[in-house]
file coords28.cif (mmCIF, C-alpha atoms)
data_query
loop_
_atom_site.group_PDB
_atom_site.id
_atom_site.type_symbol
_atom_site.label_atom_id
_atom_site.label_comp_id
_atom_site.auth_asym_id
_atom_site.auth_seq_id
_atom_site.Cartn_x
_atom_site.Cartn_y
_atom_site.Cartn_z
ATOM 1 C CA MET A 26 -5.887 319.353 75.133
ATOM 2 C CA GLU A 27 -9.260 318.971 76.821
ATOM 3 C CA ILE A 28 -8.975 315.176 76.628
ATOM 4 C CA LEU A 29 -5.581 315.432 78.325
ATOM 5 C CA GLY A 30 -7.274 317.517 81.010
ATOM 6 C CA TYR A 31 -9.743 314.730 81.775
ATOM 7 C CA ILE A 32 -6.906 312.190 81.850
ATOM 8 C CA ALA A 33 -5.131 314.478 84.320
ATOM 9 C CA ALA A 34 -8.318 314.554 86.421
ATOM 10 C CA LEU A 35 -8.017 310.772 86.768
ATOM 11 C CA LEU A 36 -4.357 311.112 87.752
ATOM 12 C CA ILE A 37 -5.229 313.721 90.403
ATOM 13 C CA GLY A 38 -7.605 311.271 92.075
ATOM 14 C CA LEU A 39 -5.173 308.417 91.530
ATOM 15 C CA SER A 40 -2.437 310.238 93.455
ATOM 16 C CA LEU A 41 -4.818 310.968 96.329
ATOM 17 C CA GLY A 42 -5.747 307.294 96.559
ATOM 18 C CA LEU A 43 -2.134 306.146 96.315
ATOM 19 C CA ILE A 44 -0.279 308.573 98.568
ATOM 20 C CA GLY A 45 -3.077 310.180 100.594
ATOM 21 C CA GLY A 46 -2.740 313.678 99.131
ATOM 22 C CA GLY A 47 -0.756 316.003 96.923
ATOM 23 C CA GLY A 48 -2.589 315.462 93.657
ATOM 24 C CA SER A 49 -4.938 318.360 94.223
ATOM 25 C CA ILE A 50 -1.975 320.754 93.862
ATOM 26 C CA LEU A 51 -2.124 320.045 90.111
ATOM 27 C CA THR A 52 -5.816 320.901 89.737
ATOM 28 C CA VAL A 53 -5.363 324.597 88.935
ATOM 29 C CA PRO A 54 -2.550 324.076 86.369
ATOM 30 C CA VAL A 55 -4.633 321.373 84.670
ATOM 31 C CA LEU A 56 -7.680 323.639 84.474
ATOM 32 C CA VAL A 57 -5.635 326.596 83.182
ATOM 33 C CA TYR A 58 -3.201 324.972 80.741
ATOM 34 C CA LEU A 59 -5.099 321.872 79.559
ATOM 35 C CA ILE A 60 -8.779 322.830 79.844
ATOM 36 C CA GLY A 61 -8.173 326.497 78.963
ATOM 37 C CA LEU A 62 -10.021 328.199 81.826
ATOM 38 C CA SER A 63 -8.953 331.541 83.300
ATOM 39 C CA PRO A 64 -6.822 331.426 86.464
ATOM 40 C CA VAL A 65 -9.564 333.070 88.549
ATOM 41 C CA ILE A 66 -12.328 330.627 87.574
ATOM 42 C CA SER A 67 -9.824 327.742 87.807
ATOM 43 C CA THR A 68 -9.125 328.526 91.469
ATOM 44 C CA ALA A 69 -12.879 328.547 92.066
ATOM 45 C CA TYR A 70 -13.447 325.191 90.351
ATOM 46 C CA SER A 71 -10.397 323.779 92.122
ATOM 47 C CA LEU A 72 -12.000 324.475 95.496
ATOM 48 C CA PHE A 73 -14.994 322.307 94.577
ATOM 49 C CA ILE A 74 -12.880 319.518 93.066
ATOM 50 C CA VAL A 75 -10.360 319.507 95.930
ATOM 51 C CA GLY A 76 -13.141 319.661 98.513
ATOM 52 C CA LEU A 77 -15.118 316.791 97.031
ATOM 53 C CA THR A 78 -12.122 314.510 96.452
ATOM 54 C CA SER A 79 -10.767 315.231 99.949
ATOM 55 C CA LEU A 80 -14.154 314.395 101.449
ATOM 56 C CA VAL A 81 -14.160 311.034 99.676
ATOM 57 C CA GLY A 82 -10.515 310.441 100.628
ATOM 58 C CA SER A 83 -11.193 311.199 104.298
ATOM 59 C CA TYR A 84 -13.780 308.416 104.568
ATOM 60 C CA LYS A 85 -11.129 305.688 104.648
ATOM 61 C CA PHE A 86 -9.400 307.437 107.534
ATOM 62 C CA TYR A 87 -12.686 308.054 109.361
ATOM 63 C CA LYS A 88 -13.652 304.403 109.012
ATOM 64 C CA ASN A 89 -10.330 303.441 110.622
ATOM 65 C CA GLY A 90 -10.779 305.904 113.485
ATOM 66 C CA LEU A 91 -8.094 308.258 112.179
ATOM 67 C CA VAL A 92 -10.103 311.507 112.158
ATOM 68 C CA SER A 93 -10.299 313.736 115.231
ATOM 69 C CA MET A 94 -13.666 315.446 114.831
ATOM 70 C CA LYS A 95 -13.012 317.905 117.671
ATOM 71 C CA THR A 96 -9.737 319.005 116.086
ATOM 72 C CA ALA A 97 -11.416 319.303 112.680
ATOM 73 C CA VAL A 98 -14.027 321.644 114.166
ATOM 74 C CA VAL A 99 -11.556 323.771 116.153
ATOM 75 C CA PHE A 100 -9.128 324.153 113.227
ATOM 76 C CA GLY A 101 -11.795 324.165 110.537
ATOM 77 C CA ILE A 102 -13.922 327.079 111.748
ATOM 78 C CA PRO A 103 -11.302 329.851 111.272
ATOM 79 C CA SER A 104 -10.210 328.236 107.985
ATOM 80 C CA ILE A 105 -13.777 328.130 106.665
ATOM 81 C CA VAL A 106 -14.437 331.751 107.636
ATOM 82 C CA ALA A 107 -11.161 332.915 106.038
ATOM 83 C CA VAL A 108 -11.599 331.020 102.770
ATOM 84 C CA TYR A 109 -15.229 332.103 102.368
ATOM 85 C CA LEU A 110 -14.443 335.782 102.952
ATOM 86 C CA THR A 111 -11.435 335.555 100.617
ATOM 87 C CA ARG A 112 -13.470 334.073 97.756
ATOM 88 C CA ARG A 113 -16.552 336.193 98.379
ATOM 89 C CA TYR A 114 -14.875 339.581 98.793
ATOM 90 C CA LEU A 115 -11.062 339.643 98.513
ATOM 91 C CA VAL A 116 -10.530 337.902 95.144
ATOM 92 C CA PRO A 117 -13.238 339.948 93.326
ATOM 93 C CA ALA A 118 -11.711 343.134 94.789
ATOM 94 C CA ILE A 119 -8.253 342.472 93.280
ATOM 95 C CA PRO A 120 -7.878 344.701 90.176
ATOM 96 C CA GLU A 121 -7.394 343.034 86.800
ATOM 97 C CA GLU A 122 -4.119 344.948 86.294
ATOM 98 C CA ILE A 123 -2.085 345.119 89.504
ATOM 99 C CA PHE A 124 1.095 346.872 88.325
ATOM 100 C CA SER A 125 3.394 347.075 85.318
ATOM 101 C CA VAL A 126 7.140 347.007 84.738
ATOM 102 C CA GLY A 127 7.890 348.491 81.338
ATOM 103 C CA ASP A 128 5.740 346.641 78.828
ATOM 104 C CA PHE A 129 5.107 343.733 81.234
ATOM 105 C CA ILE A 130 1.743 343.992 83.013
ATOM 106 C CA VAL A 131 1.120 341.876 86.108
ATOM 107 C CA THR A 132 -2.556 340.943 85.911
ATOM 108 C CA LYS A 133 -4.728 339.268 88.523
ATOM 109 C CA GLY A 134 -4.384 335.982 86.623
ATOM 110 C CA ILE A 135 -0.580 336.159 86.514
ATOM 111 C CA MET A 136 -0.415 337.049 90.205
ATOM 112 C CA LEU A 137 -2.620 334.086 91.173
ATOM 113 C CA MET A 138 -0.590 331.673 89.038
ATOM 114 C CA LEU A 139 2.722 332.920 90.485
ATOM 115 C CA LEU A 140 1.350 332.598 94.011
ATOM 116 C CA PHE A 141 0.131 329.105 93.173
ATOM 117 C CA ALA A 142 3.491 328.149 91.646
ATOM 118 C CA GLY A 143 5.217 329.259 94.838
ATOM 119 C CA LEU A 144 2.847 327.059 96.814
ATOM 120 C CA MET A 145 3.692 324.140 94.513
ATOM 121 C CA VAL A 146 7.418 324.606 95.167
ATOM 122 C CA PHE A 147 6.937 324.587 98.949
ATOM 123 C CA ALA A 148 4.550 321.615 98.757
ATOM 124 C CA SER A 149 7.010 319.656 96.613
ATOM 125 C CA ILE A 150 9.801 320.196 99.144
ATOM 126 C CA SER A 151 7.492 318.813 101.832
ATOM 127 C CA MET A 152 6.795 315.697 99.756
ATOM 128 C CA ILE A 153 10.464 315.125 98.931
ATOM 129 C CA LYS A 154 11.643 315.541 102.529
ATOM 130 C CA LYS A 155 9.164 312.980 103.872
ATOM 131 C CA LYS A 156 10.990 310.288 101.940
ATOM 132 C CA LYS A 157 14.299 311.179 103.591
ATOM 133 C CA ALA A 158 13.031 311.468 107.172
ATOM 134 C CA PRO A 159 12.783 307.693 107.904
ATOM 135 C CA VAL A 160 16.400 307.250 106.788
ATOM 136 C CA THR A 161 17.743 309.617 109.443
ATOM 137 C CA ALA A 162 15.489 308.515 112.267
ATOM 138 C CA PRO A 163 13.813 305.227 111.398
ATOM 139 C CA THR A 164 13.345 304.079 114.963
ATOM 140 C CA GLU A 165 11.397 307.103 116.223
ATOM 141 C CA PRO A 166 7.743 306.837 115.201
ATOM 142 C CA VAL A 167 5.776 310.069 115.233
ATOM 143 C CA ASP A 168 3.030 308.653 117.431
ATOM 144 C CA MET A 169 5.553 307.640 120.085
ATOM 145 C CA VAL A 170 6.892 311.196 120.160
ATOM 146 C CA ASP A 171 3.378 312.567 120.505
ATOM 147 C CA GLU A 172 2.479 310.106 123.268
ATOM 148 C CA ASN A 173 5.401 311.346 125.328
ATOM 149 C CA ILE A 174 4.213 314.918 124.882
ATOM 150 C CA ASP A 175 0.547 314.236 125.551
ATOM 151 C CA THR A 176 -0.234 311.573 128.123
ATOM 152 C CA GLU A 177 -4.030 311.622 127.712
ATOM 153 C CA ILE A 178 -5.289 308.913 125.385
ATOM 154 C CA ASP A 179 -8.303 309.088 123.093
ATOM 155 C CA VAL A 180 -9.753 305.738 121.996
ATOM 156 C CA GLU A 181 -11.505 305.823 118.642
ATOM 157 C CA GLY A 182 -14.515 303.774 117.640
ATOM 158 C CA ASN A 183 -12.407 300.956 116.230
ATOM 159 C CA GLY A 184 -10.576 300.530 119.534
ATOM 160 C CA THR A 185 -7.362 302.223 118.376
ATOM 161 C CA ALA A 186 -5.723 304.448 121.004
ATOM 162 C CA HIS A 187 -4.363 307.839 119.989
ATOM 163 C CA PRO A 188 -3.111 310.813 122.010
ATOM 164 C CA LYS A 189 -6.076 312.955 123.017
ATOM 165 C CA PRO A 190 -5.771 316.347 121.303
ATOM 166 C CA LYS A 191 -4.729 319.320 123.436
ATOM 167 C CA PHE A 192 -5.187 322.625 121.711
ATOM 168 C CA ASN A 193 -2.955 325.661 121.391
ATOM 169 C CA TYR A 194 -5.916 327.828 120.456
ATOM 170 C CA GLY A 195 -3.840 330.878 119.525
ATOM 171 C CA GLY A 196 -1.665 328.857 117.152
ATOM 172 C CA ILE A 197 -4.649 327.033 115.670
ATOM 173 C CA LEU A 198 -6.549 330.282 115.075
ATOM 174 C CA ALA A 199 -3.583 331.965 113.390
ATOM 175 C CA GLU A 200 -2.737 328.925 111.253
ATOM 176 C CA GLY A 201 -6.385 328.406 110.322
ATOM 177 C CA LEU A 202 -6.744 331.999 109.151
ATOM 178 C CA VAL A 203 -3.500 331.856 107.131
ATOM 179 C CA VAL A 204 -4.316 328.513 105.492
ATOM 180 C CA GLY A 205 -7.903 329.592 104.804
ATOM 181 C CA THR A 206 -6.790 332.813 103.132
ATOM 182 C CA LEU A 207 -4.154 330.991 101.077
ATOM 183 C CA THR A 208 -6.686 328.369 100.022
ATOM 184 C CA GLY A 209 -9.101 331.089 99.003
ATOM 185 C CA LEU A 210 -6.487 332.821 96.865
ATOM 186 C CA VAL A 211 -5.022 329.840 95.001
ATOM 187 C CA GLY A 212 -7.689 327.120 95.289
ATOM 188 C CA ALA A 213 -5.365 324.497 96.814
ATOM 189 C CA GLY A 214 -5.996 322.404 99.897
ATOM 190 C CA GLY A 215 -2.807 323.310 101.761
ATOM 191 C CA GLY A 216 -2.411 319.926 103.405
ATOM 192 C CA PHE A 217 1.360 320.359 103.650
ATOM 193 C CA LEU A 218 0.679 323.330 105.959
ATOM 194 C CA ILE A 219 -2.235 321.814 107.889
ATOM 195 C CA ILE A 220 -0.626 318.487 108.846
ATOM 196 C CA PRO A 221 2.416 319.969 110.633
ATOM 197 C CA ALA A 222 0.089 322.453 112.378
ATOM 198 C CA LEU A 223 -2.117 319.630 113.679
ATOM 199 C CA VAL A 224 0.916 317.744 114.976
ATOM 200 C CA LEU A 225 2.396 320.869 116.573
ATOM 201 C CA PHE A 226 -0.674 322.658 117.941
ATOM 202 C CA SER A 227 -3.062 319.726 118.591
ATOM 203 C CA LYS A 228 -0.473 317.020 119.448
ATOM 204 C CA LEU A 229 -2.018 314.529 116.998
ATOM 205 C CA ASP A 230 0.070 311.632 115.723
ATOM 206 C CA MET A 231 0.891 311.677 112.008
ATOM 207 C CA LYS A 232 -1.769 309.235 110.790
ATOM 208 C CA MET A 233 -4.493 311.034 112.731
ATOM 209 C CA ALA A 234 -3.219 314.384 111.425
ATOM 210 C CA VAL A 235 -3.405 313.201 107.789
ATOM 211 C CA GLY A 236 -6.973 311.914 108.159
ATOM 212 C CA THR A 237 -8.123 315.011 110.040
ATOM 213 C CA SER A 238 -6.481 317.332 107.504
ATOM 214 C CA LEU A 239 -8.449 315.759 104.652
ATOM 215 C CA LEU A 240 -11.734 316.498 106.428
ATOM 216 C CA ILE A 241 -10.614 320.074 107.163
ATOM 217 C CA ILE A 242 -9.569 320.564 103.524
ATOM 218 C CA ALA A 243 -12.943 319.234 102.339
ATOM 219 C CA ALA A 244 -14.939 321.534 104.622
ATOM 220 C CA LYS A 245 -13.028 324.752 103.988
ATOM 221 C CA SER A 246 -12.748 324.179 100.231
ATOM 222 C CA LEU A 247 -16.454 323.465 99.751
ATOM 223 C CA PHE A 248 -17.505 326.390 101.945
ATOM 224 C CA GLY A 249 -15.067 328.619 100.067
ATOM 225 C CA PHE A 250 -16.644 327.542 96.784
ATOM 226 C CA ILE A 251 -19.996 328.775 98.063
ATOM 227 C CA GLY A 252 -18.514 332.277 98.015
ATOM 228 C CA ASP A 253 -17.757 331.832 94.303
ATOM 229 C CA ILE A 254 -21.321 330.895 93.431
ATOM 230 C CA PHE A 255 -22.310 334.521 94.089
ATOM 231 C CA ASN A 256 -19.532 335.913 91.887
ATOM 232 C CA TYR A 257 -19.213 333.635 88.838
ATOM 233 C CA GLU A 258 -21.357 331.592 86.492
ATOM 234 C CA ILE A 259 -20.572 327.954 87.238
ATOM 235 C CA ASP A 260 -20.452 325.250 84.547
ATOM 236 C CA TRP A 261 -21.959 322.507 86.714
ATOM 237 C CA MET A 262 -21.877 319.886 83.963
ATOM 238 C CA PHE A 263 -18.126 320.220 83.429
ATOM 239 C CA LEU A 264 -17.466 320.454 87.156
ATOM 240 C CA GLY A 265 -19.494 317.312 87.826
ATOM 241 C CA ILE A 266 -17.734 315.284 85.105
ATOM 242 C CA PHE A 267 -14.228 316.407 86.126
ATOM 243 C CA SER A 268 -14.930 315.702 89.808
ATOM 244 C CA ALA A 269 -16.454 312.290 89.052
ATOM 245 C CA ILE A 270 -13.350 311.281 87.075
ATOM 246 C CA SER A 271 -11.104 312.403 89.950
ATOM 247 C CA ILE A 272 -13.174 310.420 92.463
ATOM 248 C CA ALA A 273 -12.933 307.343 90.237
ATOM 249 C CA GLY A 274 -9.167 307.827 90.335
ATOM 250 C CA ILE A 275 -9.271 307.793 94.152
ATOM 251 C CA PHE A 276 -10.884 304.349 94.216
ATOM 252 C CA ILE A 277 -8.400 303.023 91.652
ATOM 253 C CA GLY A 278 -5.501 304.494 93.621
ATOM 254 C CA THR A 279 -6.804 303.044 96.899
ATOM 255 C CA PHE A 280 -6.944 299.605 95.271
ATOM 256 C CA LEU A 281 -3.411 299.958 93.868
ATOM 257 C CA SER A 282 -1.975 301.339 97.128
ATOM 258 C CA ALA A 283 -1.664 297.819 98.533
ATOM 259 C CA LYS A 284 0.605 296.868 95.619
ATOM 260 C CA ILE A 285 2.752 300.022 95.230
ATOM 261 C CA HIS A 286 5.278 301.529 97.652
ATOM 262 C CA ALA A 287 3.649 304.894 98.431
ATOM 263 C CA ASP A 288 6.784 306.579 99.864
ATOM 264 C CA LYS A 289 8.801 306.153 96.664
ATOM 265 C CA LEU A 290 5.856 307.321 94.597
ATOM 266 C CA LYS A 291 5.359 310.378 96.805
ATOM 267 C CA THR A 292 8.979 311.431 96.419
ATOM 268 C CA ALA A 293 8.829 311.079 92.628
ATOM 269 C CA PHE A 294 5.565 313.009 92.594
ATOM 270 C CA GLY A 295 7.193 315.726 94.715
ATOM 271 C CA TRP A 296 9.936 316.196 92.129
ATOM 272 C CA PHE A 297 7.294 316.367 89.391
ATOM 273 C CA VAL A 298 5.374 319.066 91.300
ATOM 274 C CA LEU A 299 8.630 320.994 91.818
ATOM 275 C CA VAL A 300 9.382 320.954 88.075
ATOM 276 C CA MET A 301 5.810 322.034 87.303
ATOM 277 C CA GLY A 302 6.016 324.894 89.792
ATOM 278 C CA VAL A 303 9.254 326.189 88.270
ATOM 279 C CA TYR A 304 7.749 325.798 84.782
ATOM 280 C CA ILE A 305 4.694 327.875 85.716
ATOM 281 C CA ILE A 306 6.880 330.648 87.138
ATOM 282 C CA GLY A 307 8.934 330.708 83.933
ATOM 283 C CA LYS A 308 5.890 330.587 81.667
ATOM 284 C CA GLU A 309 4.035 333.393 83.440
ATOM 285 C CA LEU A 310 7.066 335.678 83.653
ATOM 286 C CA PHE A 311 8.894 335.080 80.378
ATOM 287 C CA PHE A 312 6.558 333.458 77.798
#

call {"tool": "encode", "arguments": {"input": "coords28.cif", "output": "C-alpha cells"}}
result
Amino acid sequence: MEILGYIAALLIGLSLGLIGGGGSILTVPVLVYLIGLSPVISTAYSLFIVGLTSLVGSYKFYKNGLVSMKTAVVFGIPSIVAVYLTRRYLVPAIPEEIFSVGDFIVTKGIMLMLLFAGLMVFASISMIKKKKAPVTAPTEPVDMVDENIDTEIDVEGNGTAHPKPKFNYGGILAEGLVVGTLTGLVGAGGGFLIIPALVLFSKLDMKMAVGTSLLIIAAKSLFGFIGDIFNYEIDWMFLGIFSAISIAGIFIGTFLSAKIHADKLKTAFGWFVLVMGVYIIGKELFF
C-alpha cells in the first residue's frame, strides 16, 4: 500500500500541473489510507506537502504576471494567523474521544476525517460546476465582468493589464480567518473557497485569482505546519520524498497541459473527489 501512496503522490502533483489545483484535496486520504498514518499527523504533513506544491505551482502564474502580491498579503495575513493558532493550540486541545452514541465512539481522528470528507464533497461540486459554466454563458469572460466593476487597471511586469484590486477588508478578514481555521483543522488548501473570495472581495479576474490563491495557500499552509513542529515528531525523510514526488508530478502535468483539455479533466477529477468524499464518510461511520 505504501508504494501506491507514492504513486498517488505523483498523481497529486500531476493534477496540480494539469488543472491548476484540486489534487491536494487527496493528500490526507492518501496519507491515512495508503501510507497508514493517523488522521492528525496526516493533516500536519498535508500542510507541508500542499504548501510546497502550491508554492511551486504559483511560480508559473507569477512569471506570467498573474499574482497580485498586495492581495496575497492582505488576504494571507489573517489566514496565516488562523491556521498557525489552529495547529498550535486548537487541534492539540481537541480530546481524543469527543462523544459516543451507543457503542460508536467519535474520536478526534474520525471527526477530522468526516470534516475533511465534507470539504471534499463541496470542493468536488465546485470543480464539476466550472465545466458547466461556459456552456450557459460562453460569451461573458470573467475578466470583462471584473473590468466593468473596477475601472482602475493594474499593469503587471509582463505588460498584461488586469483590474487593480480594491479591497473589502471586512469580507477579506472574515474569509481569511474562516479559511485559515478550516485549513488548520483538515490540512487542505481551500482553493475552492479562496478563489471566489478573491473575485468577490478583491475584484480580481479569474486567472489572477487562481495564481494569487496558490501563493496564499502556500504561505498559510507552510506557516501552519510550523505550529505542528512544536507538537509532533516529524519524519522529515518521508515528508521530503513524498513532496519531491509530488513536485515532479507538477512539472510532468505542466508539460502535458498543452496536450490535454484541462476543463474535461477537471470535471472528471471532480466526480472522482466526490466519490472519494462519500466513501470516506461511509468508511468512518459504518466500517

call {"tool": "atom_distance", "arguments": {"input": "coords28.cif", "atom1": "CA of Met262 in chain A", "atom2": "CA of Ala34 in chain A"}}
result
14.8 Å

call {"tool": "closest_residue", "arguments": {"input": "coords28.cif", "among": "A:Met138, A:Leu223, A:Ala243, A:Ile37", "to": "Pro64 in chain A", "atoms": "all atoms listed in the file"}}
result
A:Met138

call {"tool": "axis_aligned_box", "arguments": {"input": "coords28.cif", "around": "range 196-206 of chain A", "padding_each_side": "6 Å", "output": "lines of an AutoDock Vina configuration file"}}
result
center_x = -4.8
center_y = 329.9
center_z = 110.1
size_x = 18.2
size_y = 17.8
size_z = 26.0

call {"tool": "resolve_selection", "arguments": {"input": "coords28.cif", "expression": "the PyMOL selection byres ((chain A and resi 220) around 12)", "output": "mmCIF file with C-alpha atoms, in the coordinates of the input"}}
result
data_model
loop_
_atom_site.group_PDB
_atom_site.id
_atom_site.type_symbol
_atom_site.label_atom_id
_atom_site.label_comp_id
_atom_site.auth_asym_id
_atom_site.auth_seq_id
_atom_site.Cartn_x
_atom_site.Cartn_y
_atom_site.Cartn_z
ATOM 1 C CA GLY A 45 -3.077 310.180 100.594
ATOM 2 C CA GLY A 46 -2.740 313.678 99.131
ATOM 3 C CA THR A 96 -9.737 319.005 116.086
ATOM 4 C CA ALA A 97 -11.416 319.303 112.680
ATOM 5 C CA PHE A 100 -9.128 324.153 113.227
ATOM 6 C CA ALA A 148 4.550 321.615 98.757
ATOM 7 C CA SER A 151 7.492 318.813 101.832
ATOM 8 C CA ILE A 197 -4.649 327.033 115.670
ATOM 9 C CA GLU A 200 -2.737 328.925 111.253
ATOM 10 C CA GLY A 201 -6.385 328.406 110.322
ATOM 11 C CA VAL A 204 -4.316 328.513 105.492
ATOM 12 C CA GLY A 214 -5.996 322.404 99.897
ATOM 13 C CA GLY A 215 -2.807 323.310 101.761
ATOM 14 C CA GLY A 216 -2.411 319.926 103.405
ATOM 15 C CA PHE A 217 1.360 320.359 103.650
ATOM 16 C CA LEU A 218 0.679 323.330 105.959
ATOM 17 C CA ILE A 219 -2.235 321.814 107.889
ATOM 18 C CA PRO A 221 2.416 319.969 110.633
ATOM 19 C CA ALA A 222 0.089 322.453 112.378
ATOM 20 C CA LEU A 223 -2.117 319.630 113.679
ATOM 21 C CA VAL A 224 0.916 317.744 114.976
ATOM 22 C CA LEU A 225 2.396 320.869 116.573
ATOM 23 C CA PHE A 226 -0.674 322.658 117.941
ATOM 24 C CA SER A 227 -3.062 319.726 118.591
ATOM 25 C CA LYS A 228 -0.473 317.020 119.448
ATOM 26 C CA LEU A 229 -2.018 314.529 116.998
ATOM 27 C CA ASP A 230 0.070 311.632 115.723
ATOM 28 C CA MET A 231 0.891 311.677 112.008
ATOM 29 C CA LYS A 232 -1.769 309.235 110.790
ATOM 30 C CA MET A 233 -4.493 311.034 112.731
ATOM 31 C CA ALA A 234 -3.219 314.384 111.425
ATOM 32 C CA VAL A 235 -3.405 313.201 107.789
ATOM 33 C CA GLY A 236 -6.973 311.914 108.159
ATOM 34 C CA THR A 237 -8.123 315.011 110.040
ATOM 35 C CA SER A 238 -6.481 317.332 107.504
ATOM 36 C CA LEU A 239 -8.449 315.759 104.652
ATOM 37 C CA LEU A 240 -11.734 316.498 106.428
ATOM 38 C CA ILE A 241 -10.614 320.074 107.163
ATOM 39 C CA ILE A 242 -9.569 320.564 103.524
#

call {"tool": "closest_residue", "arguments": {"input": "coords28.cif", "among": "A:Ser67, A:Thr111, A:Ser49, A:Ser40", "to": "Asp288 in chain A", "atoms": "all atoms listed in the file"}}
result
A:Ser40

call {"tool": "atom_distance", "arguments": {"input": "coords28.cif", "atom1": "CA of Ser83 in chain A", "atom2": "CA of Lys291 in chain A"}}
result
18.2 Å

call {"tool": "closest_residue", "arguments": {"input": "coords28.cif", "among": "A:Leu62, A:Ala118, A:Val75, A:Val99", "to": "Met26 in chain A", "atoms": "all atoms listed in the file"}}
result
A:Leu62

call {"tool": "resolve_selection", "arguments": {"input": "coords28.cif", "expression": "the PyMOL selection byres ((chain A and resi 308) around 12)", "output": "list of chain:residue names"}}
result
A:Pro54, A:Tyr58, A:Ile135, A:Met138, A:Leu139, A:Ala142, A:Met301, A:Gly302, A:Val303, A:Tyr304, A:Ile305, A:Ile306, A:Gly307, A:Glu309, A:Leu310, A:Phe311, A:Phe312

call {"tool": "write_last_selection", "arguments": {"input": "coords28.cif", "atoms": "C-alpha atoms", "output": "PDB file, in the frame of the given file"}}
result
ATOM      1  CA  PRO A  54      -2.550 324.076  86.369  1.00  0.00           C
ATOM      2  CA  TYR A  58      -3.201 324.972  80.741  1.00  0.00           C
ATOM      3  CA  ILE A 135      -0.580 336.159  86.514  1.00  0.00           C
ATOM      4  CA  MET A 138      -0.590 331.673  89.038  1.00  0.00           C
ATOM      5  CA  LEU A 139       2.722 332.920  90.485  1.00  0.00           C
ATOM      6  CA  ALA A 142       3.491 328.149  91.646  1.00  0.00           C
ATOM      7  CA  MET A 301       5.810 322.034  87.303  1.00  0.00           C
ATOM      8  CA  GLY A 302       6.016 324.894  89.792  1.00  0.00           C
ATOM      9  CA  VAL A 303       9.254 326.189  88.270  1.00  0.00           C
ATOM     10  CA  TYR A 304       7.749 325.798  84.782  1.00  0.00           C
ATOM     11  CA  ILE A 305       4.694 327.875  85.716  1.00  0.00           C
ATOM     12  CA  ILE A 306       6.880 330.648  87.138  1.00  0.00           C
ATOM     13  CA  GLY A 307       8.934 330.708  83.933  1.00  0.00           C
ATOM     14  CA  GLU A 309       4.035 333.393  83.440  1.00  0.00           C
ATOM     15  CA  LEU A 310       7.066 335.678  83.653  1.00  0.00           C
ATOM     16  CA  PHE A 311       8.894 335.080  80.378  1.00  0.00           C
ATOM     17  CA  PHE A 312       6.558 333.458  77.798  1.00  0.00           C
TER      18      PHE A 312
END

call {"tool": "resolve_selection", "arguments": {"input": "coords28.cif", "expression": "the PyMOL selection byres ((chain A and resi 78) around 12)", "output": "ChimeraX atom specification"}}
result
/A:34-35,37-42,45-49,52,71-77,79-84,214,239-240,242-244,246-247,265,267-276

call {"tool": "residues_around", "arguments": {"input": "coords28.cif", "residues": "Leu299 in chain A", "least_positions_apart": "4", "cutoff": "7 Å", "atoms": "only C-alpha atoms", "output": "list in words"}}
result
Met145, Val146, Ser149, Gly295 and Val303 of chain A

call {"tool": "write_last_selection", "arguments": {"input": "coords28.cif", "atoms": "C-alpha atoms", "output": "short mmCIF file (atom, residue, chain, number, x, y, z; two decimals), in the frame of the given file"}}
result
data_model
loop_
_atom_site.label_atom_id
_atom_site.label_comp_id
_atom_site.auth_asym_id
_atom_site.auth_seq_id
_atom_site.Cartn_x
_atom_site.Cartn_y
_atom_site.Cartn_z
CA MET A 145 3.69 324.14 94.51
CA VAL A 146 7.42 324.61 95.17
CA SER A 149 7.01 319.66 96.61
CA GLY A 295 7.19 315.73 94.72
CA VAL A 303 9.25 326.19 88.27
#

call {"tool": "atom_distance", "arguments": {"input": "coords28.cif", "atom1": "CA of Gly143 in chain A", "atom2": "CA of Gly209 in chain A"}}
result
15.0 Å

call {"tool": "residues_around", "arguments": {"input": "coords28.cif", "residues": "Asn256 in chain A", "least_positions_apart": "4", "cutoff": "10 Å", "atoms": "all atoms listed in the file", "output": "PyMOL selection string"}}
result
chain A and resi 66+69+112-114+116-117+251-252

call {"tool": "build_atoms", "arguments": {"input": "coords28.cif", "residues": "range 250-259 of chain A", "atoms": "N, CA and C atoms", "output": "PDB file, keeping the file's coordinate frame"}}
result
ATOM      1  N   PHE A 250     -16.013 327.566  98.106  1.00  0.00           N
ATOM      2  CA  PHE A 250     -16.644 327.542  96.784  1.00  0.00           C
ATOM      3  C   PHE A 250     -18.014 328.213  96.813  1.00  0.00           C
ATOM      4  N   ILE A 251     -18.693 328.118  97.952  1.00  0.00           N
ATOM      5  CA  ILE A 251     -19.996 328.775  98.063  1.00  0.00           C
ATOM      6  C   ILE A 251     -19.860 330.274  97.809  1.00  0.00           C
ATOM      7  N   GLY A 252     -18.748 330.864  98.277  1.00  0.00           N
ATOM      8  CA  GLY A 252     -18.514 332.277  98.015  1.00  0.00           C
ATOM      9  C   GLY A 252     -18.399 332.591  96.531  1.00  0.00           C
ATOM     10  N   ASP A 253     -17.911 331.616  95.745  1.00  0.00           N
ATOM     11  CA  ASP A 253     -17.757 331.832  94.303  1.00  0.00           C
ATOM     12  C   ASP A 253     -19.081 331.759  93.557  1.00  0.00           C
ATOM     13  N   ILE A 254     -20.032 331.033  94.108  1.00  0.00           N
ATOM     14  CA  ILE A 254     -21.321 330.895  93.431  1.00  0.00           C
ATOM     15  C   ILE A 254     -21.978 332.258  93.234  1.00  0.00           C
ATOM     16  N   PHE A 255     -21.718 333.186  94.176  1.00  0.00           N
ATOM     17  CA  PHE A 255     -22.310 334.521  94.089  1.00  0.00           C
ATOM     18  C   PHE A 255     -21.582 335.417  93.083  1.00  0.00           C
ATOM     19  N   ASN A 256     -20.363 335.025  92.712  1.00  0.00           N
ATOM     20  CA  ASN A 256     -19.532 335.913  91.887  1.00  0.00           C
ATOM     21  C   ASN A 256     -19.378 335.460  90.442  1.00  0.00           C
ATOM     22  N   TYR A 257     -19.496 334.152  90.178  1.00  0.00           N
ATOM     23  CA  TYR A 257     -19.213 333.635  88.838  1.00  0.00           C
ATOM     24  C   TYR A 257     -20.324 332.692  88.379  1.00  0.00           C
ATOM     25  N   GLU A 258     -20.436 332.572  87.067  1.00  0.00           N
ATOM     26  CA  GLU A 258     -21.357 331.592  86.492  1.00  0.00           C
ATOM     27  C   GLU A 258     -20.639 330.245  86.437  1.00  0.00           C
ATOM     28  N   ILE A 259     -21.220 329.251  87.081  1.00  0.00           N
ATOM     29  CA  ILE A 259     -20.572 327.954  87.238  1.00  0.00           C
ATOM     30  C   ILE A 259     -21.062 326.979  86.167  1.00  0.00           C
TER      31      ILE A 259
END
